[in-house]
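J.: Below is final-v2.txt; it holds compact mmCIF, C-alpha atoms and all ligand atoms.
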```txt
# COMPACT_ATOMS: atom_id res chain seq x y z
CA MET A 677 -0.23 23.36 10.07
CA LYS A 678 2.92 24.73 8.41
CA VAL A 679 2.69 25.31 4.66
CA PHE A 680 5.64 26.29 2.46
CA LYS A 681 6.23 27.00 -1.18
CA ILE A 682 9.33 25.53 -2.81
CA THR A 683 10.91 25.47 -6.25
CA PRO A 684 11.96 22.23 -8.01
CA ALA A 685 15.60 23.14 -7.19
CA GLU A 686 14.68 23.42 -3.51
CA LEU A 687 13.04 19.99 -3.71
CA ASP A 688 16.34 18.58 -5.00
CA THR A 689 18.13 20.26 -2.08
CA MET A 690 15.66 18.75 0.36
CA MET A 691 16.14 15.27 -1.14
CA LEU A 692 19.90 15.70 -0.89
CA ALA A 693 19.67 16.75 2.77
CA TRP A 694 17.37 13.80 3.60
CA SER A 695 19.56 11.29 1.80
CA LYS A 696 22.57 12.38 3.87
CA ALA A 697 20.70 11.69 7.10
CA HIS A 698 18.32 8.83 6.25
CA ARG A 699 17.58 6.06 3.80
CA VAL A 700 15.56 7.72 1.06
CA TYR A 701 13.55 5.79 -1.52
CA ALA A 702 11.68 6.90 -4.62
CA PRO A 703 9.59 4.96 -7.12
CA ALA A 704 11.37 3.16 -9.94
CA LEU A 705 9.51 3.83 -13.14
CA THR A 706 8.92 0.16 -13.85
CA LYS A 707 8.21 -2.85 -11.67
CA GLN A 708 11.86 -3.77 -11.91
CA PRO A 709 13.37 -6.33 -9.56
CA ALA A 710 15.10 -4.99 -6.47
CA ALA A 711 18.40 -3.34 -7.38
CA SER A 712 19.97 -4.33 -4.07
CA SER A 713 19.07 -6.08 -0.86
CA ASP A 714 18.15 -2.82 0.87
CA CYS A 715 15.69 -1.80 -1.79
CA ALA A 716 12.27 -3.30 -2.45
CA PRO A 717 11.22 -4.20 -6.00
CA GLY A 718 9.69 -1.23 -7.78
CA TRP A 719 11.62 1.27 -5.66
CA ARG A 720 15.10 2.76 -5.87
CA ARG A 721 17.43 4.15 -3.26
CA VAL A 722 18.02 7.88 -3.75
CA ASP A 723 21.59 9.02 -3.29
CA GLY A 724 20.73 12.68 -3.51
CA SER A 725 21.81 13.27 -7.06
CA ALA A 726 19.01 11.54 -8.96
CA ALA A 727 16.14 13.81 -10.00
CA LEU A 728 12.70 12.66 -8.95
CA THR A 729 10.48 11.51 -11.80
CA LEU A 730 7.03 10.29 -10.99
CA PRO A 731 4.72 8.33 -13.23
CA THR A 732 1.16 9.57 -13.72
CA GLY A 733 -1.18 7.81 -11.32
CA PRO A 734 -0.07 5.26 -8.73
CA THR A 735 3.57 4.25 -8.49
CA PRO A 736 4.31 0.87 -10.16
CA ALA A 737 4.82 -0.81 -6.77
CA SER A 738 2.80 0.14 -3.70
CA VAL A 739 4.25 1.35 -0.39
CA LYS A 740 3.11 -1.72 1.54
CA THR A 741 6.55 -3.23 1.06
CA PHE A 742 8.02 -0.65 3.48
CA PHE A 743 5.62 -1.64 6.26
CA PHE A 744 5.09 -5.27 5.39
CA PRO A 745 8.36 -6.37 3.73
CA GLN A 746 8.50 -9.40 1.50
CA PRO A 747 9.93 -11.45 3.21
CA GLU A 748 10.32 -10.39 6.84
CA THR A 749 12.50 -12.33 9.29
CA LEU A 750 10.64 -12.82 12.57
CA LEU A 751 13.08 -15.10 14.40
CA THR A 752 16.49 -16.66 13.84
CA TYR A 753 18.08 -19.80 15.30
CA THR A 754 20.89 -22.25 14.80
CA LEU A 755 20.57 -26.02 14.41
CA GLU A 756 24.32 -26.64 14.47
CA ASN A 757 25.20 -29.69 16.48
CA ASN A 758 26.98 -28.93 19.75
CA HIS A 759 26.16 -25.23 19.52
CA PRO A 760 25.21 -24.02 23.02
CA ASP A 761 22.26 -22.09 21.57
CA LYS A 762 21.04 -24.90 19.34
CA GLY A 763 17.31 -24.50 18.75
CA LEU A 764 17.07 -21.24 20.67
CA MET A 765 14.86 -18.72 18.89
CA ARG A 766 16.11 -15.13 18.87
CA GLU A 767 14.57 -11.95 17.61
CA PRO A 768 16.80 -10.43 14.93
CA VAL A 769 18.16 -6.95 15.51
CA LYS A 770 15.97 -4.73 13.37
CA SER A 771 17.09 -1.48 11.86
CA THR A 772 15.61 1.56 13.53
CA GLU A 773 17.13 3.89 10.94
CA MET A 774 14.58 6.34 9.58
CA GLN A 775 13.48 5.66 6.01
CA VAL A 776 11.89 8.37 3.91
CA VAL A 777 9.69 7.25 1.06
CA VAL A 778 9.26 10.02 -1.49
CA GLY A 779 6.66 10.12 -4.25
CA VAL A 780 3.80 8.38 -2.49
CA ARG A 781 0.38 8.97 -4.02
CA PRO A 782 -2.64 9.76 -1.80
CA CYS A 783 -4.25 6.36 -2.52
CA ASP A 784 -1.20 4.55 -1.17
CA ALA A 785 -0.94 6.81 1.88
CA ARG A 786 -4.54 5.88 2.65
CA SER A 787 -3.76 2.18 2.20
CA VAL A 788 -1.29 2.35 5.09
CA LEU A 789 -4.01 3.74 7.34
CA LEU A 790 -6.37 0.97 6.26
CA ASN A 791 -3.78 -1.79 6.82
CA ASN A 792 -3.12 -0.30 10.21
CA LEU A 793 -6.63 -1.35 11.28
CA PRO A 794 -6.02 -5.12 11.27
CA TYR A 795 -2.31 -4.64 12.08
CA GLN A 796 -2.75 -2.36 15.08
CA GLU A 797 -1.12 -4.89 17.35
CA ASP A 798 1.39 -6.30 14.90
CA PRO A 799 4.78 -5.29 16.37
CA PHE A 800 6.63 -5.68 13.06
CA PHE A 801 4.22 -3.53 11.07
CA GLN A 802 4.12 -0.94 13.85
CA ALA A 803 7.93 -0.78 14.15
CA ASN A 804 8.18 -0.22 10.40
CA ARG A 805 5.52 2.48 10.58
CA GLN A 806 7.38 4.24 13.32
CA ARG A 807 10.60 4.47 11.34
CA THR A 808 9.05 5.41 8.00
CA ALA A 809 8.17 8.92 6.84
CA LEU A 810 5.96 9.32 3.78
CA VAL A 811 6.50 12.27 1.46
CA GLY A 812 3.57 12.35 -0.94
CA PHE A 813 2.64 14.08 -4.14
CA THR A 814 -0.97 14.86 -4.93
CA CYS A 815 -2.10 13.83 -8.41
CA ASP A 816 -2.51 16.56 -11.01
CA GLN A 817 -3.44 13.89 -13.56
CA THR A 818 -5.19 10.58 -13.12
CA LEU A 819 -5.41 7.40 -15.19
CA SER A 820 -8.56 5.85 -16.62
CA THR A 821 -8.07 3.05 -14.08
CA CYS A 822 -7.98 5.38 -11.03
CA PHE A 823 -11.15 5.46 -8.90
CA CYS A 824 -9.98 6.68 -5.49
CA THR A 825 -12.90 9.09 -5.11
CA GLN A 826 -15.39 6.21 -5.32
CA MET A 827 -13.61 4.45 -2.47
CA GLY A 828 -13.62 7.41 -0.07
CA GLY A 829 -10.29 8.98 -1.09
CA SER A 830 -9.21 11.90 -3.21
CA PRO A 831 -6.32 12.52 -5.65
CA VAL A 832 -5.39 15.68 -3.76
CA ASP A 833 -5.69 14.33 -0.22
CA SER A 834 -2.95 14.70 2.39
CA GLU A 835 -4.33 12.07 4.80
CA GLY A 836 -1.62 9.73 6.09
CA LEU A 837 1.26 11.75 4.62
CA ASP A 838 4.01 13.33 6.72
CA LEU A 839 4.73 15.88 4.00
CA THR A 840 2.39 16.56 1.09
CA LEU A 841 3.63 18.27 -2.06
CA SER A 842 1.18 19.72 -4.58
CA ARG A 843 2.26 21.19 -7.89
CA THR A 844 1.53 24.86 -8.29
CA GLY A 845 2.66 26.80 -11.38
CA ASP A 846 6.44 26.92 -11.07
CA GLY A 847 6.91 24.83 -7.92
CA PHE A 848 5.22 22.99 -5.10
CA ILE A 849 3.17 23.75 -2.02
CA VAL A 850 4.52 21.69 0.88
CA GLU A 851 2.20 20.84 3.77
CA VAL A 852 3.61 19.48 7.01
CA GLY A 853 1.27 16.75 8.29
CA SER A 854 3.00 15.27 11.33
CA ALA A 855 5.92 15.44 13.73
CA LYS A 856 7.95 13.29 11.29
CA GLY A 857 7.20 15.81 8.55
CA GLU A 858 8.16 18.61 10.92
CA ALA A 859 11.52 16.90 11.52
CA LEU A 860 12.13 16.57 7.77
CA VAL A 861 11.85 20.32 7.21
CA ALA A 862 13.57 21.36 10.44
CA GLY A 863 16.78 23.25 9.70
CA LEU A 864 15.82 23.98 6.07
CA THR A 865 15.21 27.54 5.03
CA LEU A 866 11.80 27.45 3.37
CA THR A 867 9.46 30.23 2.29
CA PRO A 868 5.97 30.15 3.81
CA ALA A 869 3.29 29.70 1.13
CA ASP A 870 1.22 32.76 0.32
CA GLU A 871 -2.50 32.91 0.97
CA SER A 872 -3.47 32.56 -2.70
CA GLY A 873 -1.62 29.22 -3.04
CA ILE A 874 -3.26 27.83 0.10
CA THR A 875 -6.71 28.97 -1.07
CA ALA A 876 -6.19 27.41 -4.52
CA LEU A 877 -5.24 24.09 -2.90
CA ALA A 878 -8.28 24.20 -0.61
CA ALA A 879 -10.50 24.84 -3.66
CA GLN A 880 -8.95 21.84 -5.46
CA ARG A 881 -9.64 19.68 -2.41
CA ASN A 882 -13.23 20.83 -2.21
CA ALA A 883 -13.81 20.06 -5.87
CA ALA A 884 -12.26 16.57 -5.59
CA LYS A 885 -13.89 15.67 -2.29
CA ALA A 886 -14.95 12.05 -2.07
CA GLU A 887 -18.68 11.75 -2.26
CA ALA A 888 -20.71 9.16 -0.47
CA THR A 889 -21.42 6.90 -3.39
CA GLU A 890 -24.06 4.30 -3.82
CA LEU A 891 -21.29 1.81 -3.08
CA ASP A 892 -22.11 2.36 0.57
CA ARG A 893 -25.18 0.23 -0.12
CA LEU A 894 -22.81 -2.76 -0.28
CA LYS A 895 -21.75 -2.14 3.32
CA ALA A 896 -25.35 -2.19 4.45
CA GLY A 897 -26.24 -5.03 2.06
CA GLU A 898 -27.38 -8.44 3.11
CA LEU A 899 -24.37 -10.77 3.06
CA GLY A 900 -26.40 -13.84 2.08
CA LYS A 901 -27.67 -12.13 -1.07
CA LEU A 902 -24.18 -11.02 -2.08
CA TYR A 903 -22.68 -14.41 -1.23
CA ASP A 904 -25.13 -16.36 -3.37
CA ALA A 905 -25.06 -14.00 -6.36
CA PRO A 906 -24.84 -15.99 -9.64
CA MET A 907 -22.13 -13.61 -10.95
CA TRP A 908 -19.44 -15.37 -8.88
CA GLN A 909 -19.51 -18.46 -11.06
CA SER A 910 -18.58 -16.66 -14.29
CA LEU A 911 -16.01 -14.53 -12.46
CA GLY A 912 -14.47 -17.63 -10.87
CA ASP A 913 -14.41 -19.37 -14.26
CA SER A 914 -12.43 -16.47 -15.78
CA CYS A 915 -9.96 -16.02 -12.93
CA ILE A 916 -6.79 -18.08 -13.29
CA ASN A 917 -5.92 -17.61 -9.60
CA CYS A 918 -2.50 -16.21 -10.46
CA GLY A 919 -2.56 -13.99 -7.35
CA ALA A 920 -1.19 -10.96 -9.21
CA CYS A 921 -4.05 -8.75 -7.99
CA THR A 922 -3.29 -9.56 -4.35
CA PHE A 923 0.46 -9.01 -4.52
CA ILE A 924 0.23 -5.64 -6.25
CA CYS A 925 -2.68 -4.49 -4.09
CA PRO A 926 -1.64 -2.01 -1.40
CA THR A 927 -4.45 -3.15 0.89
CA CYS A 928 -3.98 -6.94 0.63
CA TYR A 929 -2.08 -8.04 3.69
CA CYS A 930 -2.32 -11.85 3.99
CA PHE A 931 0.82 -13.72 4.91
CA ASP A 932 2.18 -17.16 5.67
CA ILE A 933 5.02 -18.10 8.01
CA GLN A 934 7.67 -20.67 7.16
CA ASP A 935 10.97 -21.85 8.55
CA GLU A 936 13.95 -21.83 6.25
CA VAL A 937 17.18 -23.59 7.26
CA VAL A 938 20.37 -23.15 5.25
CA ARG A 939 23.56 -24.89 6.41
CA GLY A 940 22.30 -25.20 9.95
CA GLN A 941 21.17 -21.57 10.24
CA GLY A 942 17.43 -21.10 10.45
CA ARG A 943 15.10 -18.22 10.17
CA ARG A 944 11.37 -17.99 10.61
CA ILE A 945 10.03 -15.71 7.92
CA ARG A 946 6.71 -14.31 7.03
CA TYR A 947 6.01 -13.64 3.43
CA TRP A 948 3.13 -12.41 1.34
CA ASP A 949 0.51 -15.01 0.61
CA SER A 950 -2.61 -14.83 -1.52
CA CYS A 951 -6.16 -15.92 -0.77
CA MET A 952 -6.36 -16.69 -4.49
CA PHE A 953 -4.14 -19.76 -4.01
CA PRO A 954 -5.81 -23.08 -3.06
CA LEU A 955 -3.06 -23.85 -0.52
CA TYR A 956 -3.84 -20.66 1.38
CA SER A 957 -7.01 -22.04 2.94
CA LEU A 958 -6.07 -25.73 3.03
CA HIS A 959 -6.54 -27.13 6.54
CA THR A 960 -4.12 -29.65 8.04
CA SER A 961 -6.99 -32.16 8.01
CA GLY A 962 -7.04 -31.97 4.21
CA HIS A 963 -10.34 -30.07 4.16
CA ASN A 964 -10.32 -26.89 2.10
CA PRO A 965 -13.22 -24.47 2.66
CA ARG A 966 -12.17 -22.53 -0.46
CA GLY A 967 -11.01 -25.36 -2.66
CA LYS A 968 -12.82 -24.05 -5.74
CA LYS A 969 -11.83 -21.04 -7.84
CA VAL A 970 -15.27 -19.54 -7.50
CA GLN A 971 -14.96 -19.63 -3.70
CA ARG A 972 -11.58 -17.93 -3.73
CA THR A 973 -12.60 -15.23 -6.19
CA ARG A 974 -15.74 -14.48 -4.20
CA ASN A 975 -13.72 -14.31 -1.01
CA ARG A 976 -11.28 -11.74 -2.38
CA PHE A 977 -13.98 -9.34 -3.47
CA LEU A 978 -16.27 -9.88 -0.49
CA HIS A 979 -13.33 -9.36 1.84
CA LYS A 980 -12.62 -5.97 0.30
CA LEU A 981 -16.24 -4.88 -0.04
CA LYS A 982 -18.11 -6.55 2.81
CA TYR A 983 -16.11 -8.44 5.45
CA PHE A 984 -13.49 -5.71 6.03
CA PRO A 985 -16.09 -2.88 6.14
CA ASP A 986 -18.27 -4.95 8.49
CA ARG A 987 -15.33 -5.25 10.87
CA PHE A 988 -13.51 -1.94 10.46
CA GLY A 989 -15.80 0.51 8.60
CA PRO A 990 -14.12 1.49 5.31
CA PHE A 991 -13.75 -0.65 2.18
CA SER A 992 -10.42 -2.44 1.90
CA CYS A 993 -9.70 -0.85 -1.47
CA VAL A 994 -8.31 2.60 -2.19
CA GLY A 995 -9.16 2.63 -5.89
CA CYS A 996 -5.56 2.68 -7.11
CA GLY A 997 -6.54 0.57 -10.13
CA ARG A 998 -3.39 -1.57 -10.10
CA CYS A 999 -5.40 -4.81 -10.17
CA VAL A 1000 -7.46 -3.45 -13.06
CA GLN A 1001 -4.26 -2.76 -14.99
CA ASP A 1002 -2.53 -6.03 -14.23
CA CYS A 1003 -5.14 -8.79 -14.19
CA PRO A 1004 -4.22 -11.04 -17.13
CA VAL A 1005 -7.87 -11.92 -17.77
CA ASN A 1006 -9.21 -8.37 -17.37
CA ILE A 1007 -11.19 -8.78 -14.21
CA ASP A 1008 -12.14 -5.27 -13.13
CA ILE A 1009 -13.19 -4.63 -9.53
CA ARG A 1010 -15.28 -1.66 -10.69
CA GLU A 1011 -17.41 -4.01 -12.81
CA VAL A 1012 -17.64 -6.43 -9.90
CA MET A 1013 -18.97 -3.59 -7.71
CA THR A 1014 -21.52 -2.60 -10.37
CA ASP A 1015 -22.70 -6.20 -10.61
CA LEU A 1016 -22.94 -6.49 -6.83
CA LEU A 1017 -25.00 -3.31 -6.64
CA ALA A 1018 -27.41 -4.84 -9.14
CA VAL A 1019 -27.79 -7.82 -6.79
CA GLU A 1020 -28.41 -5.61 -3.77
S1 LIG B 1 -5.06 -11.03 -11.25
FE1 LIG B 1 -7.00 -11.61 -12.22
S2 LIG B 1 -6.68 -13.76 -12.86
FE2 LIG B 1 -5.05 -13.30 -11.36
S3 LIG B 1 -5.95 -13.95 -9.38
FE3 LIG B 1 -6.41 -11.77 -9.59
S4 LIG B 1 -8.49 -11.70 -10.52
FE4 LIG B 1 -7.66 -13.79 -10.83
S1 LIG B 2 -8.33 -3.90 -4.98
FE1 LIG B 2 -7.31 -3.14 -6.84
S2 LIG B 2 -7.93 -0.99 -6.97
FE2 LIG B 2 -8.40 -1.66 -4.88
S3 LIG B 2 -6.58 -1.07 -3.69
FE3 LIG B 2 -6.27 -3.21 -4.37
S4 LIG B 2 -5.13 -3.05 -6.30
FE4 LIG B 2 -5.96 -1.01 -5.86
```
For this file, write the structure as structure tokens.
T.:
Amino acid sequence: MKVFKITPAELDTMMLAWSKAHRVYAPALTKQPAASSDCAPGWRRVDGSAALTLPTGPTPASVKTFFFPQPETLLTYTLENNHPDKGLMREPVKSTEMQVVVGVRPCDARSVLLNNLPYQEDPFFQANRQRTALVGFTCDQTLSTCFCTQMGGSPVDSEGLDLTLSRTGDGFIVEVGSAKGEALVAGLTLTPADESGITALAAQRNAAKAEATELDRLKAGELGKLYDAPMWQSLGDSCINCGACTFICPTCYCFDIQDEVVRGQGRRIRYWDSCMFPLYSLHTSGHNPRGKKVQRTRNRFLHKLKYFPDRFGPFSCVGCGRCVQDCPVNIDIREVMTDLLAVE
């Protein structure tokens, strides 16, 4: 693996070079609405001149929007009378232009790998993955709501990142993690990192290594016991089913598909949906298997901590803490896990 050492000025030069060749995005410092149609909420387009400022901890908006845009057009059609193609569904021409997302934290990089498990055969997600390079920054500080190490991650991990930057004294160590990362540094004159910098980074990684926690007991736990735990009732009573936790979560990936027709022009779109909404699980027959709040709340947590691991192995949570920060009624997944362990 290639490892370089760069100064902050060299980082600016790199950003400038990337923004001339690709679409480059960096985190906005607030969850502001999208500034333009080519920029997702919580992110900003970098034109090369803007200095990169990163918040401590996870970025306000997660990276899932680059792989799983909200909304995404799947098909287009016309319903104009007498149009020869009336009713004919066509796939829209999708951009294949490379997008470089800078400032990704290790928890979010890991979330892309987790979402890739159920979306392995989703052509839209995979096309977006192919054209997106992730330039990440390891965390030199964490927030009280961060718990990535409990969920199998690490604040200094490079997993899932094409380039990983780690702060070191007066600059950054840059690790090339993939062919996309290789392409991003090709043609730039960079100084190889010295041995002491590489050793210091390895020591940091060793110290922060995710430990097998007792949470793994949940994976092995008996589903019936977890499902019938009395705790769900009080949790369901508190939850107002606003769905905020699911939309901000990098590993929530549920969607709905709808047709939208404006002045005879139609598009079939998929957009983010939330298992916290009663309509989400409503059957056409009128039956709703999760019609009660308690059922929906239980489903969200059991999906992350039991159903997903049963099917794919890891928990469907990277410990970014966004839901802990944003839940209006202070539901904290860490407390839910503690309560579930007491049941097990
Ligand atoms: S953010 Fe909190 S109140 Fe809203 S749906 Fe999620 S758990 Fe319920
Ligand atoms: S469940 Fe909460 S802590 Fe876990 S990945 Fe989603 S938003 Fe982050």
J.: Would you mind listing, for every residue of chain A within 6 Å of ligand LIG 1 (chain B), the two atoms forming the shortest contact and the distance between them in Å to one decimal, using all atoms listed in the file, sorted by chain and ascending residue number, as a tab-separated table?
T.:
```
residue	atom	partner	partner_atom	distance
A:Cys915	CA	B:LIG1	FE4	3.8
A:Ile916	CA	B:LIG1	S2	4.3
A:Asn917	CA	B:LIG1	S3	3.7
A:Cys918	CA	B:LIG1	FE2	4.0
A:Gly919	CA	B:LIG1	S3	4.0
A:Ala920	CA	B:LIG1	S1	4.4
A:Cys921	CA	B:LIG1	S1	4.1
A:Met952	CA	B:LIG1	S3	5.6
A:Cys1003	CA	B:LIG1	S1	3.7
A:Pro1004	CA	B:LIG1	S2	5.6
A:Val1005	CA	B:LIG1	S2	5.4
A:Ile1007	CA	B:LIG1	S4	5.4
```
J.: If we count all atoms listed in the file and set the cut-off at 10 Å, which residues sit around Val700 (chain A), ignoring sequence neighbours fewer than 4 positions away in its own chain? Please answer as a PyMOL selection string.
T.: chain A and resi 691-692+694-696+715+720-724+774-778+808-809
J.: Keeping C-alpha atoms, export the residues of the selection given above as a compact mmCIF listing (two decimals), in the coordinates of the input.
T.:
```txt
# COMPACT_ATOMS: atom_id res chain seq x y z
CA MET A 691 16.14 15.27 -1.14
CA LEU A 692 19.90 15.70 -0.89
CA TRP A 694 17.37 13.80 3.60
CA SER A 695 19.56 11.29 1.80
CA LYS A 696 22.57 12.38 3.87
CA CYS A 715 15.69 -1.80 -1.79
CA ARG A 720 15.10 2.76 -5.87
CA ARG A 721 17.43 4.15 -3.26
CA VAL A 722 18.02 7.88 -3.75
CA ASP A 723 21.59 9.02 -3.29
CA GLY A 724 20.73 12.68 -3.51
CA MET A 774 14.58 6.34 9.58
CA GLN A 775 13.48 5.66 6.01
CA VAL A 776 11.89 8.37 3.91
CA VAL A 777 9.69 7.25 1.06
CA VAL A 778 9.26 10.02 -1.49
CA THR A 808 9.05 5.41 8.00
CA ALA A 809 8.17 8.92 6.84
```
J.: Counting all atoms listed in the file, name the residues that have an atom within 9 Å of an atom of ligand LIG 2 (chain B); the answer should be given as a PyMOL selection string.
T.: chain A and resi 738+783-784+787+821-824+827+921-928+976-977+980+991-1002+1008-1010
J.: Can you write out the residues you just picked, keeping C-alpha atoms, as a PDB file, in the coordinates of the input?
T.:
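Just written: selection02.pdb:
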```pdb
ATOM      1  CA  SER A 738       2.800   0.140  -3.700  1.00  0.00           C
ATOM      2  CA  CYS A 783      -4.250   6.360  -2.520  1.00  0.00           C
ATOM      3  CA  ASP A 784      -1.200   4.550  -1.170  1.00  0.00           C
ATOM      4  CA  SER A 787      -3.760   2.180   2.200  1.00  0.00           C
ATOM      5  CA  THR A 821      -8.070   3.050 -14.080  1.00  0.00           C
ATOM      6  CA  CYS A 822      -7.980   5.380 -11.030  1.00  0.00           C
ATOM      7  CA  PHE A 823     -11.150   5.460  -8.900  1.00  0.00           C
ATOM      8  CA  CYS A 824      -9.980   6.680  -5.490  1.00  0.00           C
ATOM      9  CA  MET A 827     -13.610   4.450  -2.470  1.00  0.00           C
ATOM     10  CA  CYS A 921      -4.050  -8.750  -7.990  1.00  0.00           C
ATOM     11  CA  THR A 922      -3.290  -9.560  -4.350  1.00  0.00           C
ATOM     12  CA  PHE A 923       0.460  -9.010  -4.520  1.00  0.00           C
ATOM     13  CA  ILE A 924       0.230  -5.640  -6.250  1.00  0.00           C
ATOM     14  CA  CYS A 925      -2.680  -4.490  -4.090  1.00  0.00           C
ATOM     15  CA  PRO A 926      -1.640  -2.010  -1.400  1.00  0.00           C
ATOM     16  CA  THR A 927      -4.450  -3.150   0.890  1.00  0.00           C
ATOM     17  CA  CYS A 928      -3.980  -6.940   0.630  1.00  0.00           C
ATOM     18  CA  ARG A 976     -11.280 -11.740  -2.380  1.00  0.00           C
ATOM     19  CA  PHE A 977     -13.980  -9.340  -3.470  1.00  0.00           C
ATOM     20  CA  LYS A 980     -12.620  -5.970   0.300  1.00  0.00           C
ATOM     21  CA  PHE A 991     -13.750  -0.650   2.180  1.00  0.00           C
ATOM     22  CA  SER A 992     -10.420  -2.440   1.900  1.00  0.00           C
ATOM     23  CA  CYS A 993      -9.700  -0.850  -1.470  1.00  0.00           C
ATOM     24  CA  VAL A 994      -8.310   2.600  -2.190  1.00  0.00           C
ATOM     25  CA  GLY A 995      -9.160   2.630  -5.890  1.00  0.00           C
ATOM     26  CA  CYS A 996      -5.560   2.680  -7.110  1.00  0.00           C
ATOM     27  CA  GLY A 997      -6.540   0.570 -10.130  1.00  0.00           C
ATOM     28  CA  ARG A 998      -3.390  -1.570 -10.100  1.00  0.00           C
ATOM     29  CA  CYS A 999      -5.400  -4.810 -10.170  1.00  0.00           C
ATOM     30  CA  VAL A1000      -7.460  -3.450 -13.060  1.00  0.00           C
ATOM     31  CA  GLN A1001      -4.260  -2.760 -14.990  1.00  0.00           C
ATOM     32  CA  ASP A1002      -2.530  -6.030 -14.230  1.00  0.00           C
ATOM     33  CA  ASP A1008     -12.140  -5.270 -13.130  1.00  0.00           C
ATOM     34  CA  ILE A1009     -13.190  -4.630  -9.530  1.00  0.00           C
ATOM     35  CA  ARG A1010     -15.280  -1.660 -10.690  1.00  0.00           C
TER      36      ARG A1010
END
```
J.: Can you measure CA of Gln817 (chain A) to CA of Thr732 (chain A) for me? One decimal in Å is fine.
T.: 6.3 Å
J.: For CA of Cys815 (chain A) and CA of Pro831 (chain A), determine how far apart the two atoms are, in Å to one decimal place.
T.: 5.2 Å
J.: Just how far from CA of Gly829 (chain A) is CA of Leu1016 (chain A), in Å to one decimal?
T.: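 Interatomic distance here is 20.8 Å.
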J.: Once 5 Å is added on each side, what centre and edge lengths in Å to one decimal does the axis-aligned box around all listed atoms of region 735-742 of chain A have, as JSON?
T.:
```
{"center_x": 5.4, "center_y": 0.5, "center_z": -3.3, "size_x": 15.2, "size_y": 17.5, "size_z": 23.6}
```
J.: So that I can check the surroundings of Pro684 (chain A), please list as a list in words every protein, DNA and RNA residue that reaches within 10 Å of it, counting all atoms listed in the file and ignoring chain neighbours fewer than 3 positions away.
T.: Leu687, Asp688, Thr689, Met690, Ala727, Leu728, Arg843, Asp846, Gly847 and Phe848 of chain A
J.: Restricting the calculation to all atoms listed in the file, which member of A:Met1013, A:Leu894, A:Val970, A:Ala884 is positioned closest to Phe953 (chain A)?
T.: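 That would be A:Val970, the residue with the smallest distance to Phe953 (chain A).
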J.: Which of these residues is nearest to Pro703 (chain A), using all atoms listed in the file: A:His759, A:Arg805, A:Arg946, A:Arg781?
T.: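 Closest to Pro703 (chain A), using all atoms listed in the file: A:Arg781.
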J.: Within 10 Å of Tyr956 (chain A), counting all atoms listed in the file, which residues qualify if same-chain residues fewer than 5 places away don't, as a list in words?
T.: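 Result of the neighbour search: Cys930, Phe931, Asp932, Asp949, Ser950, Cys951, Asn964, Arg966, Gly967 and Arg972 of chain A.
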J.: Please dump the current selection as a CSV table (one decimal), in the frame of the given file; keep C-alpha atoms.
T.:
```csv
chain,number,residue,atom,x,y,z
A,930,CYS,CA,-2.3,-11.8,4.0
A,931,PHE,CA,0.8,-13.7,4.9
A,932,ASP,CA,2.2,-17.2,5.7
A,949,ASP,CA,0.5,-15.0,0.6
A,950,SER,CA,-2.6,-14.8,-1.5
A,951,CYS,CA,-6.2,-15.9,-0.8
A,964,ASN,CA,-10.3,-26.9,2.1
A,966,ARG,CA,-12.2,-22.5,-0.5
A,967,GLY,CA,-11.0,-25.4,-2.7
A,972,ARG,CA,-11.6,-17.9,-3.7
```
J.: Determine, for each residue of region 929-1000 of chain A having at least one atom at most 9 Å from an atom of region 907-911 of chain A, the closest pair of atoms and their separation in Å to one decimal, counting only C-alpha atoms; order by chain and ascending number, as a Markdown table.
T.:
```
| residue | atom | partner | partner_atom | distance |
| --- | --- | --- | --- | --- |
| A:Lys969 | CA | A:Gln909 | CA | 8.7 |
| A:Val970 | CA | A:Gln909 | CA | 5.6 |
| A:Gln971 | CA | A:Trp908 | CA | 8.1 |
| A:Thr973 | CA | A:Leu911 | CA | 7.2 |
| A:Arg974 | CA | A:Trp908 | CA | 6.0 |
```
J.: Looking at all atoms listed in the file, which of A:Phe743, A:Gln826, A:Ile945, A:Gly989 is the one that sits closest to Asp798 (chain A)?
T.: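 So, comparing all the options, the nearest one is A:Phe743.
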J.: Let me make sure I understand: among A:Glu936, A:Glu851, A:Glu686, A:Glu898, which one has the smallest atom-to-atom distance to Leu750 (chain A) if we use all atoms listed in the file?
T.: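 When distances to Leu750 (chain A) are compared using all atoms listed in the file, the smallest one comes from A:Glu936.
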J.: Pick from A:Ala704, A:His979, A:Phe680, A:Lys968: nearest to Pro954 (chain A), with all atoms listed in the file counted?
T.: A:Lys968
J.: Smallest atom-to-atom distance to Lys678 (chain A): which of A:Val852, A:Leu891, A:Ala879, A:Ala737, using all atoms listed in the file?
T.: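 Distance minimum relative to Lys678 (chain A) lands on A:Val852.
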J.: N, CA and C atoms are needed for region 989-993 of chain A; please write them out as an mmCIF file, in the coordinates of the input.
T.:
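After the write, result-v8.cif holds the following:
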```cif
data_model
loop_
_atom_site.group_PDB
_atom_site.id
_atom_site.type_symbol
_atom_site.label_atom_id
_atom_site.label_comp_id
_atom_site.auth_asym_id
_atom_site.auth_seq_id
_atom_site.Cartn_x
_atom_site.Cartn_y
_atom_site.Cartn_z
ATOM 1 N N GLY A 989 -15.146 -0.723 9.099
ATOM 2 C CA GLY A 989 -15.800 0.510 8.600
ATOM 3 C C GLY A 989 -15.549 0.760 7.123
ATOM 4 N N PRO A 990 -14.345 1.164 6.732
ATOM 5 C CA PRO A 990 -14.120 1.490 5.310
ATOM 6 C C PRO A 990 -13.941 0.240 4.434
ATOM 7 N N PHE A 991 -14.073 0.428 3.115
ATOM 8 C CA PHE A 991 -13.750 -0.650 2.180
ATOM 9 C C PHE A 991 -12.246 -0.904 2.244
ATOM 10 N N SER A 992 -11.853 -2.143 1.952
ATOM 11 C CA SER A 992 -10.420 -2.440 1.900
ATOM 12 C C SER A 992 -9.928 -2.308 0.460
ATOM 13 N N CYS A 993 -10.162 -1.155 -0.103
ATOM 14 C CA CYS A 993 -9.700 -0.850 -1.470
ATOM 15 C C CYS A 993 -9.583 0.655 -1.535
#
```
